[in-house]
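Peer 1: Contents of data-v2.tsv (TSV, C-alpha atoms) are below:
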```
chain	number	residue	atom	x	y	z
A	26	ALA	CA	-9.57	13.73	43.00
A	27	GLN	CA	-10.45	13.96	39.36
A	28	SER	CA	-10.34	10.96	37.06
A	29	VAL	CA	-11.35	9.72	33.63
A	30	THR	CA	-12.54	6.31	32.52
A	31	GLN	CA	-12.11	5.19	28.96
A	32	LEU	CA	-14.75	2.59	28.40
A	33	ASP	CA	-13.05	0.63	25.61
A	34	SER	CA	-9.45	-0.56	25.55
A	35	HIS	CA	-9.69	-1.34	21.82
A	36	VAL	CA	-11.99	-0.09	19.06
A	37	SER	CA	-11.91	-1.53	15.54
A	38	VAL	CA	-13.46	0.24	12.56
A	39	SER	CA	-13.25	0.03	8.81
A	40	GLU	CA	-11.84	2.89	6.79
A	41	GLY	CA	-14.59	5.37	5.92
A	42	THR	CA	-16.88	4.41	8.83
A	43	PRO	CA	-17.57	6.57	11.90
A	44	VAL	CA	-15.35	6.53	14.98
A	45	LEU	CA	-16.63	6.72	18.57
A	46	LEU	CA	-14.23	6.62	21.51
A	47	ARG	CA	-15.96	6.84	24.88
A	48	CYS	CA	-14.81	8.70	27.97
A	49	ASN	CA	-16.49	9.42	31.30
A	50	TYR	CA	-15.02	11.81	33.81
A	51	SER	CA	-15.26	12.40	37.52
A	52	SER	CA	-14.72	15.90	38.82
A	53	SER	CA	-15.70	18.02	41.78
A	54	TYR	CA	-15.33	21.17	39.75
A	55	SER	CA	-16.00	22.32	36.23
A	56	PRO	CA	-13.26	20.37	34.51
A	57	SER	CA	-10.93	21.05	31.65
A	58	LEU	CA	-10.95	18.02	29.37
A	59	PHE	CA	-8.70	16.97	26.54
A	60	TRP	CA	-8.14	14.25	24.00
A	61	TYR	CA	-4.58	13.40	23.06
A	62	VAL	CA	-3.39	10.98	20.38
A	63	GLN	CA	-0.19	8.95	20.45
A	64	HIS	CA	1.13	7.31	17.32
A	65	PRO	CA	3.64	4.46	17.70
A	66	ASN	CA	7.03	5.67	18.88
A	67	LYS	CA	5.88	9.26	18.92
A	68	GLY	CA	4.94	11.78	21.56
A	69	LEU	CA	1.46	12.89	22.51
A	70	GLN	CA	-0.40	15.30	20.26
A	71	LEU	CA	-3.33	17.40	21.44
A	72	LEU	CA	-6.46	16.70	19.39
A	73	LEU	CA	-8.86	19.04	21.14
A	74	LYS	CA	-9.71	20.64	24.46
A	75	TYR	CA	-12.78	21.71	26.42
A	76	THR	CA	-12.40	24.59	28.86
A	77	SER	CA	-16.01	25.61	29.72
A	78	ALA	CA	-16.78	27.36	26.46
A	79	ALA	CA	-18.83	25.65	23.72
A	80	THR	CA	-19.85	22.12	24.65
A	81	LEU	CA	-19.16	20.82	21.14
A	82	VAL	CA	-15.45	21.06	20.56
A	83	LYS	CA	-13.82	20.69	17.16
A	84	GLY	CA	-10.26	19.49	16.91
A	85	ILE	CA	-7.69	18.62	14.34
A	86	ASN	CA	-8.00	15.99	11.62
A	87	GLY	CA	-11.81	16.04	11.65
A	88	PHE	CA	-12.24	14.93	15.25
A	89	GLU	CA	-14.74	16.47	17.61
A	90	ALA	CA	-16.01	15.85	21.14
A	91	GLU	CA	-19.11	16.84	23.05
A	92	PHE	CA	-19.06	17.74	26.73
A	93	LYS	CA	-22.21	16.43	28.45
A	94	LYS	CA	-22.32	17.45	32.08
A	95	SER	CA	-25.51	15.49	32.83
A	96	GLU	CA	-23.82	12.29	31.64
A	97	THR	CA	-20.29	13.24	32.80
A	98	SER	CA	-19.09	12.22	29.36
A	99	PHE	CA	-16.68	13.57	26.79
A	100	HIS	CA	-16.82	11.16	23.86
A	101	LEU	CA	-14.58	11.59	20.83
A	102	THR	CA	-16.05	11.16	17.34
A	103	LYS	CA	-15.06	11.38	13.72
A	104	PRO	CA	-17.47	10.91	10.81
A	105	SER	CA	-15.14	8.90	8.62
A	106	ALA	CA	-12.04	6.98	9.74
A	107	HIS	CA	-8.80	7.11	7.82
A	108	MET	CA	-6.00	4.58	7.98
A	109	SER	CA	-3.74	7.24	9.47
A	110	ASP	CA	-6.09	7.53	12.47
A	111	ALA	CA	-4.85	4.20	13.84
A	112	ALA	CA	-3.19	5.11	17.14
A	113	GLU	CA	-3.67	5.24	20.92
A	114	TYR	CA	-6.10	7.85	22.18
A	115	PHE	CA	-6.12	9.27	25.70
A	116	CYS	CA	-8.90	11.13	27.43
A	117	VAL	CA	-7.43	13.57	29.94
A	118	VAL	CA	-8.77	15.78	32.73
A	119	SER	CA	-6.93	18.66	34.32
A	120	GLU	CA	-7.14	19.08	38.06
A	121	ASP	CA	-8.73	22.41	38.78
A	122	THR	CA	-6.22	23.40	41.45
A	123	GLY	CA	-4.62	26.32	39.69
A	124	PHE	CA	-1.84	24.01	38.60
A	125	GLN	CA	-1.76	22.05	35.38
A	126	LYS	CA	-1.55	18.45	36.46
A	127	LEU	CA	-3.05	16.23	33.79
A	128	VAL	CA	-4.76	12.98	34.74
A	129	PHE	CA	-4.82	10.46	31.89
A	130	GLY	CA	-7.18	7.63	31.17
A	131	THR	CA	-5.81	4.19	30.35
A	132	GLY	CA	-6.13	4.76	26.63
A	133	THR	CA	-8.12	3.34	23.72
A	134	ARG	CA	-6.32	1.73	20.83
A	135	LEU	CA	-8.05	2.52	17.55
A	136	LEU	CA	-7.57	-0.05	14.81
A	137	VAL	CA	-8.57	0.89	11.26
A	138	SER	CA	-8.92	-1.81	8.62
A	139	PRO	CA	-9.02	-1.24	4.85
B	22	ASP	CA	9.49	27.25	16.02
B	23	ALA	CA	10.97	24.25	17.76
B	24	GLY	CA	8.63	22.18	19.83
B	25	VAL	CA	9.49	20.34	23.01
B	26	THR	CA	12.74	18.41	22.71
B	27	GLN	CA	14.06	15.63	24.92
B	28	SER	CA	17.37	13.83	25.20
B	29	PRO	CA	18.45	11.15	25.00
B	30	THR	CA	15.96	9.22	22.88
B	31	HIS	CA	16.82	5.87	24.40
B	32	LEU	CA	18.76	4.85	27.46
B	33	ILE	CA	19.74	1.53	29.02
B	34	LYS	CA	20.80	1.44	32.66
B	35	THR	CA	21.48	-1.19	35.30
B	36	ARG	CA	19.58	-1.55	38.56
B	37	GLY	CA	20.97	0.75	41.26
B	38	GLN	CA	22.38	3.27	38.82
B	39	GLN	CA	21.33	6.88	38.45
B	40	VAL	CA	19.99	8.57	35.32
B	41	THR	CA	19.41	12.15	34.13
B	42	LEU	CA	16.92	13.01	31.42
B	43	ARG	CA	16.72	16.42	29.77
B	44	CYS	CA	13.96	18.56	28.32
B	45	SER	CA	13.82	21.85	26.45
B	46	PRO	CA	10.38	23.46	26.43
B	47	LYS	CA	8.57	24.95	23.49
B	48	SER	CA	9.69	28.50	22.79
B	49	GLY	CA	7.91	30.96	25.07
B	50	HIS	CA	6.77	28.37	27.61
B	51	ASP	CA	7.76	28.72	31.26
B	52	THR	CA	6.37	25.57	32.88
B	53	VAL	CA	7.67	22.02	32.52
B	54	SER	CA	5.90	18.85	33.65
B	55	TRP	CA	7.26	15.31	33.67
B	56	TYR	CA	5.24	12.13	33.17
B	57	GLN	CA	6.06	8.44	33.30
B	58	GLN	CA	4.34	6.13	30.83
B	59	ALA	CA	4.75	2.43	31.56
B	60	LEU	CA	4.11	0.01	28.73
B	61	GLY	CA	0.41	-0.22	27.93
B	62	GLN	CA	-0.54	2.48	30.42
B	63	GLY	CA	-1.48	6.13	30.32
B	64	PRO	CA	1.09	8.68	31.44
B	65	GLN	CA	1.37	9.33	35.18
B	66	PHE	CA	2.26	12.78	36.51
B	67	ILE	CA	5.63	12.94	38.28
B	68	PHE	CA	6.07	16.64	39.00
B	69	GLN	CA	5.92	20.14	37.58
B	70	TYR	CA	8.41	23.00	37.63
B	71	TYR	CA	7.76	26.71	37.37
B	72	GLU	CA	10.18	29.54	38.15
B	73	GLU	CA	12.82	26.94	39.01
B	74	GLU	CA	10.67	25.52	41.80
B	75	GLU	CA	8.82	22.23	42.07
B	76	ARG	CA	5.24	23.35	42.51
B	77	GLN	CA	3.33	20.09	42.39
B	78	ARG	CA	4.27	16.44	42.73
B	79	GLY	CA	2.55	13.17	41.96
B	80	ASN	CA	2.82	9.88	43.85
B	81	PHE	CA	6.45	9.17	43.12
B	82	PRO	CA	9.20	8.45	45.66
B	83	ASP	CA	11.99	10.84	46.50
B	84	ARG	CA	14.27	8.87	44.19
B	85	PHE	CA	12.69	11.01	41.49
B	86	SER	CA	13.95	14.58	41.56
B	87	GLY	CA	14.16	17.41	39.12
B	88	HIS	CA	15.47	20.79	38.32
B	89	GLN	CA	14.51	23.74	36.17
B	90	PHE	CA	17.09	26.17	34.84
B	91	PRO	CA	16.74	29.92	34.24
B	92	ASN	CA	16.20	29.25	30.52
B	93	TYR	CA	13.19	27.05	31.52
B	94	SER	CA	14.82	23.80	30.44
B	95	SER	CA	14.53	20.96	32.90
B	96	GLU	CA	16.14	17.74	34.09
B	97	LEU	CA	14.62	14.65	35.62
B	98	ASN	CA	16.90	12.59	37.85
B	99	VAL	CA	16.17	9.10	39.06
B	100	ASN	CA	18.42	7.48	41.68
B	101	ALA	CA	18.79	3.85	42.69
B	102	LEU	CA	17.05	2.60	39.55
B	103	LEU	CA	14.62	-0.29	39.84
B	104	LEU	CA	13.41	-2.59	37.09
B	105	GLY	CA	9.98	-0.98	37.50
B	106	ASP	CA	11.38	2.38	36.46
B	107	SER	CA	11.57	1.11	32.89
B	108	ALA	CA	9.16	3.35	30.98
B	109	LEU	CA	8.77	6.17	28.49
B	110	TYR	CA	9.44	9.48	30.22
B	111	LEU	CA	7.58	12.39	28.72
B	112	CYS	CA	8.22	16.06	29.19
B	113	ALA	CA	5.47	18.60	28.58
B	114	SER	CA	5.69	22.36	28.47
B	115	SER	CA	3.05	25.02	28.92
B	116	LEU	CA	2.43	28.58	29.98
B	117	ALA	CA	1.66	29.06	33.66
B	118	SER	CA	-1.01	31.52	32.64
B	119	GLY	CA	-2.39	29.26	29.91
B	120	ALA	CA	-5.54	27.19	29.86
B	121	TYR	CA	-3.84	23.95	30.89
B	122	GLU	CA	-2.77	23.14	27.33
B	123	GLN	CA	0.44	21.15	27.44
B	124	TYR	CA	2.73	20.27	24.56
B	125	PHE	CA	4.60	17.00	24.80
B	126	GLY	CA	8.02	15.98	23.63
B	127	PRO	CA	8.76	12.64	21.95
B	128	GLY	CA	9.93	11.10	25.20
B	129	THR	CA	12.95	9.20	26.47
B	130	ARG	CA	12.67	5.42	26.55
B	131	LEU	CA	14.45	4.17	29.69
B	132	THR	CA	15.21	0.49	30.06
B	133	VAL	CA	16.54	-0.78	33.38
B	134	THR	CA	18.20	-4.21	33.33
```
Step by step, read the file and then write its structure as structure tokens.
Peer 2:
Amino acid sequence: AQSVTQLDSHVSVSEGTPVLLRCNYSSSYSPSLFWYVQHPNKGLQLLLKYTSAATLVKGINGFEAEFKKSETSFHLTKPSAHMSDAAEYFCVVSEDTGFQKLVFGTGTRLLVSP
Amino acid sequence: DAGVTQSPTHLIKTRGQQVTLRCSPKSGHDTVSWYQQALGQGPQFIFQYYEEEERQRGNFPDRFSGHQFPNYSSELNVNALLLGDSALYLCASSLASGAYEQYFGPGTRLTVT
């Protein structure tokens, strides 16, 4: 079974400083990986996805992630945090069974201080 | 273009009761998946519907059932509600032929008392 581990439950940064949210995955196949963001009382929004094309994936709102097979990692980064980035972030892997079952990590809460 | 919509937004039920949640997929999508998100947790896959059939199911008891209609909209039914069923229920839609990209609705917050 495929799984993801988000290494930090909370990350605190100051506005304007870089963001790093860490994710390791476990997969028997070449995985499809995603990052979703969830703002309070809102649904999940797709930030970016990796589906075996370029290993450096650019997403919305200045976020990007790099797929590193040797490290089984898919960390999310942003050069400069904005107050509006404060939210819950989920690393997600899709089971490569021909279906589209998503397996979520436990989430990382990003706190951004002025 | 309307995204994924869910109704109701909030719901309060009593233990032992039954509940039905509804989802309309994003225009053009043919596949609907349901997830349960308990407080402080990541969403957990319940099941997925395509062509009006349940084609994959997560580790949820038979009390959880669903349906997909010819217009691709879907319902999630939960019978004999337990306190532990209190959660945010998320619906996601996608294309069966797509690259696993799912679009989520805002969710239905179910509280069981």
Peer 1: So the first atom is atom CA of Ala111 of chain A and the second is atom CA of Ser45 of chain B; what is the distance between them in Å, to one decimal place?
Peer 2: 28.6 Å
Peer 1: Identify the residues around (16.0, 29.2, 27.8) within a radius of 9 Å, measuring from all atoms listed in the file in the coordinates stated by the file, and give them as a ChimeraX atom specification.
Peer 2: /B:45-46,48-49,51,90-94
Peer 1: If you measure from atom CA of Thr26 of chain B to atom CA of Asn98 of chain B, what distance in Å do you get, rounded to one decimal?
Peer 2: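 Here the two named atoms are 16.7 Å from each other.
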Peer 1: With a distance threshold of 9 Å and counting all atoms listed in the file, extract the residues of chain B near chain A and express them as a list in words.
Peer 2: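 So the contacting residues turn out to be Ser54, Gly61, Gln62, Gly63, Pro64, Gln65, Phe66, Phe68, Gln69, Arg76, Gln77, Arg78, Gly79, Leu111, Ser115, Ala117, Ala120, Tyr121, Glu122, Gln123, Tyr124, Phe125, Gly126, Pro127 and Gly128 of chain B.
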Peer 1: Record the distance separating atom CA of Ser37 of chain A and atom CA of Lys94 of chain A, expressed in Å with one decimal.
Peer 2: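 Computing the Euclidean distance for atom CA of Ser37 of chain A and atom CA of Lys94 of chain A yields 27.2 Å.
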Peer 1: When you look at Phe99 of chain A with a cut-off of 6 Å (counting all atoms listed in the file), what residues show up, excluding the ones that are within fewer than 6 positions of it in the same chain? I need them as a list in words.
Peer 2: Cys48, Glu91 and Phe92 of chain A
Peer 1: Hey, what's within 6 Å of Thr102 of chain A if we count only C-alpha atoms and toss same-chain stuff fewer than 4 positions away? As a VMD selection string, please?
Peer 2: chain A and resid 44 to 45 88 to 89
Peer 1: Excluding Tyr70 of chain B and its own-chain neighbours fewer than 5 positions away, which residues fall within 6 Å of it when counting all atoms listed in the file? Please give them as an mmCIF file with C-alpha atoms, in the frame of the given file.
Peer 2:
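Generated output (around_28.cif):
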```
data_model
loop_
_atom_site.group_PDB
_atom_site.id
_atom_site.type_symbol
_atom_site.label_atom_id
_atom_site.label_comp_id
_atom_site.auth_asym_id
_atom_site.auth_seq_id
_atom_site.Cartn_x
_atom_site.Cartn_y
_atom_site.Cartn_z
ATOM 1 C CA THR B 52 6.370 25.570 32.880
ATOM 2 C CA VAL B 53 7.670 22.020 32.520
ATOM 3 C CA GLU B 75 8.820 22.230 42.070
ATOM 4 C CA ARG B 76 5.240 23.350 42.510
#
```
Peer 1: I'd like the contact shell of Leu109 of chain B - 8 Å cut-off, all atoms listed in the file, skipping same-chain residues fewer than 4 positions apart - returned as a ChimeraX atom specification.
Peer 2: /B:57-60,128-131
Peer 1: Using all atoms listed in the file, find the one residue out of B:Val133, B:Cys44, B:Val25, B:Leu116 that sits nearest to Gly87 of chain B.
Peer 2: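 Looking at the shortest contact to Gly87 of chain B, the residue is B:Cys44.
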Peer 1: Give the answer as one residue: which of B:Val99, B:Lys47, B:Ser114, B:Tyr56 has the shortest atom-to-atom distance to Asn80 of chain B, using all atoms listed in the file?
Peer 2: B:Tyr56
Peer 1: Give the answer as one residue: which of B:His50, B:Arg84, B:Arg36, B:Arg43 has the shortest atom-to-atom distance to Ser107 of chain B, using only C-alpha atoms?
Peer 2: B:Arg36
Peer 1: Which polymer residues have any atom within 7 Å of an atom of Ser52 of chain A, counting only C-alpha atoms, with same-chain residues fewer than 6 positions away left out, as a compact mmCIF listing (two decimals) with C-alpha atoms, keeping the file's coordinate frame?
Peer 2:
```txt
# COMPACT_ATOMS: atom_id res chain seq x y z
CA ALA A 26 -9.57 13.73 43.00
CA GLN A 27 -10.45 13.96 39.36
CA SER A 28 -10.34 10.96 37.06
```
Peer 1: Would you save segment 53-68 of chain A to a file, keeping all heavy atoms, as a compact mmCIF listing (two decimals), in the first residue's frame?
Peer 2:
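Written output follows (part09.txt):
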```txt
# COMPACT_ATOMS: atom_id res chain seq x y z
N SER A 53 5.15 1.33 -4.22
CA SER A 53 5.72 0.21 -4.97
C SER A 53 5.86 0.52 -6.45
O SER A 53 6.55 -0.18 -7.17
CB SER A 53 4.83 -1.02 -4.80
OG SER A 53 4.70 -1.36 -3.44
N TYR A 54 5.19 1.56 -6.87
CA TYR A 54 5.19 1.91 -8.28
C TYR A 54 5.68 3.35 -8.43
O TYR A 54 6.01 4.02 -7.46
CB TYR A 54 3.77 1.81 -8.83
CG TYR A 54 3.11 0.48 -8.60
CD1 TYR A 54 2.30 0.28 -7.49
CD2 TYR A 54 3.31 -0.58 -9.47
CE1 TYR A 54 1.70 -0.95 -7.27
CE2 TYR A 54 2.71 -1.81 -9.25
CZ TYR A 54 1.91 -1.98 -8.15
OH TYR A 54 1.33 -3.19 -7.93
N SER A 55 5.72 3.81 -9.65
CA SER A 55 6.02 5.22 -9.88
C SER A 55 4.77 6.00 -9.48
O SER A 55 3.73 5.88 -10.12
CB SER A 55 6.35 5.46 -11.35
OG SER A 55 6.62 6.83 -11.57
N PRO A 56 4.86 6.78 -8.43
CA PRO A 56 3.64 7.37 -7.88
C PRO A 56 3.22 8.66 -8.57
O PRO A 56 4.01 9.32 -9.23
CB PRO A 56 4.05 7.67 -6.44
CG PRO A 56 5.50 8.02 -6.55
CD PRO A 56 6.05 7.15 -7.65
N SER A 57 1.96 9.00 -8.39
CA SER A 57 1.49 10.35 -8.65
C SER A 57 1.38 11.03 -7.30
O SER A 57 0.80 10.47 -6.36
CB SER A 57 0.12 10.33 -9.34
OG SER A 57 0.23 9.79 -10.64
N LEU A 58 1.94 12.21 -7.19
CA LEU A 58 2.00 12.92 -5.91
C LEU A 58 1.39 14.30 -6.06
O LEU A 58 1.52 14.94 -7.12
CB LEU A 58 3.45 13.03 -5.43
CG LEU A 58 4.11 11.73 -5.02
CD1 LEU A 58 5.62 11.87 -5.04
CD2 LEU A 58 3.64 11.29 -3.64
N PHE A 59 0.79 14.76 -4.97
CA PHE A 59 0.10 16.04 -4.99
C PHE A 59 0.35 16.77 -3.67
O PHE A 59 0.65 16.16 -2.64
CB PHE A 59 -1.42 15.85 -5.11
CG PHE A 59 -1.86 14.94 -6.23
CD1 PHE A 59 -1.82 13.57 -6.09
CD2 PHE A 59 -2.30 15.48 -7.42
CE1 PHE A 59 -2.23 12.73 -7.11
CE2 PHE A 59 -2.71 14.65 -8.46
CZ PHE A 59 -2.67 13.27 -8.31
N TRP A 60 0.19 18.07 -3.72
CA TRP A 60 0.04 18.89 -2.53
C TRP A 60 -1.30 19.63 -2.65
O TRP A 60 -1.58 20.25 -3.67
CB TRP A 60 1.16 19.91 -2.39
CG TRP A 60 2.41 19.36 -1.77
CD1 TRP A 60 3.52 18.90 -2.41
CD2 TRP A 60 2.69 19.24 -0.37
NE1 TRP A 60 4.46 18.48 -1.52
CE2 TRP A 60 3.99 18.68 -0.24
CE3 TRP A 60 1.98 19.54 0.80
CZ2 TRP A 60 4.59 18.44 0.99
CZ3 TRP A 60 2.57 19.29 2.03
CH2 TRP A 60 3.86 18.75 2.11
N TYR A 61 -2.08 19.51 -1.56
CA TYR A 61 -3.33 20.23 -1.46
C TYR A 61 -3.24 21.19 -0.27
O TYR A 61 -2.56 20.91 0.73
CB TYR A 61 -4.51 19.28 -1.21
CG TYR A 61 -5.04 18.58 -2.44
CD1 TYR A 61 -4.45 17.41 -2.91
CD2 TYR A 61 -6.16 19.07 -3.11
CE1 TYR A 61 -4.97 16.76 -4.03
CE2 TYR A 61 -6.68 18.43 -4.22
CZ TYR A 61 -6.09 17.27 -4.68
OH TYR A 61 -6.59 16.63 -5.78
N VAL A 62 -3.97 22.29 -0.35
CA VAL A 62 -4.05 23.25 0.75
C VAL A 62 -5.50 23.38 1.20
O VAL A 62 -6.42 23.30 0.37
CB VAL A 62 -3.48 24.63 0.34
CG1 VAL A 62 -4.26 25.24 -0.80
CG2 VAL A 62 -3.46 25.59 1.53
N GLN A 63 -5.68 23.52 2.50
CA GLN A 63 -7.02 23.68 3.06
C GLN A 63 -7.02 24.88 4.00
O GLN A 63 -6.41 24.85 5.06
CB GLN A 63 -7.44 22.41 3.81
CG GLN A 63 -8.88 22.42 4.28
CD GLN A 63 -9.29 21.09 4.88
OE1 GLN A 63 -8.51 20.43 5.57
NE2 GLN A 63 -10.52 20.65 4.62
N HIS A 64 -7.73 25.91 3.60
CA HIS A 64 -7.90 27.07 4.46
C HIS A 64 -9.06 26.81 5.41
O HIS A 64 -9.95 26.00 5.10
CB HIS A 64 -8.14 28.32 3.61
CG HIS A 64 -6.94 28.76 2.85
ND1 HIS A 64 -5.96 29.56 3.39
CD2 HIS A 64 -6.53 28.49 1.59
CE1 HIS A 64 -5.01 29.77 2.50
NE2 HIS A 64 -5.32 29.12 1.39
N PRO A 65 -9.08 27.46 6.56
CA PRO A 65 -10.12 27.21 7.56
C PRO A 65 -11.51 27.29 6.97
O PRO A 65 -11.84 28.24 6.24
CB PRO A 65 -9.89 28.32 8.59
CG PRO A 65 -8.43 28.62 8.47
CD PRO A 65 -8.11 28.46 7.02
N ASN A 66 -12.31 26.28 7.25
CA ASN A 66 -13.71 26.22 6.82
C ASN A 66 -13.87 26.25 5.30
O ASN A 66 -14.90 26.70 4.80
CB ASN A 66 -14.51 27.36 7.45
CG ASN A 66 -14.48 27.29 8.96
OD1 ASN A 66 -14.63 26.23 9.55
ND2 ASN A 66 -14.23 28.41 9.60
N LYS A 67 -12.85 25.78 4.62
CA LYS A 67 -12.94 25.71 3.16
C LYS A 67 -12.52 24.32 2.69
O LYS A 67 -11.92 23.55 3.41
CB LYS A 67 -12.08 26.79 2.52
CG LYS A 67 -12.57 28.20 2.78
CD LYS A 67 -11.95 29.19 1.83
CE LYS A 67 -12.57 30.56 2.01
NZ LYS A 67 -11.99 31.57 1.09
N GLY A 68 -12.84 24.03 1.45
CA GLY A 68 -12.48 22.75 0.88
C GLY A 68 -11.01 22.69 0.51
O GLY A 68 -10.25 23.63 0.72
```
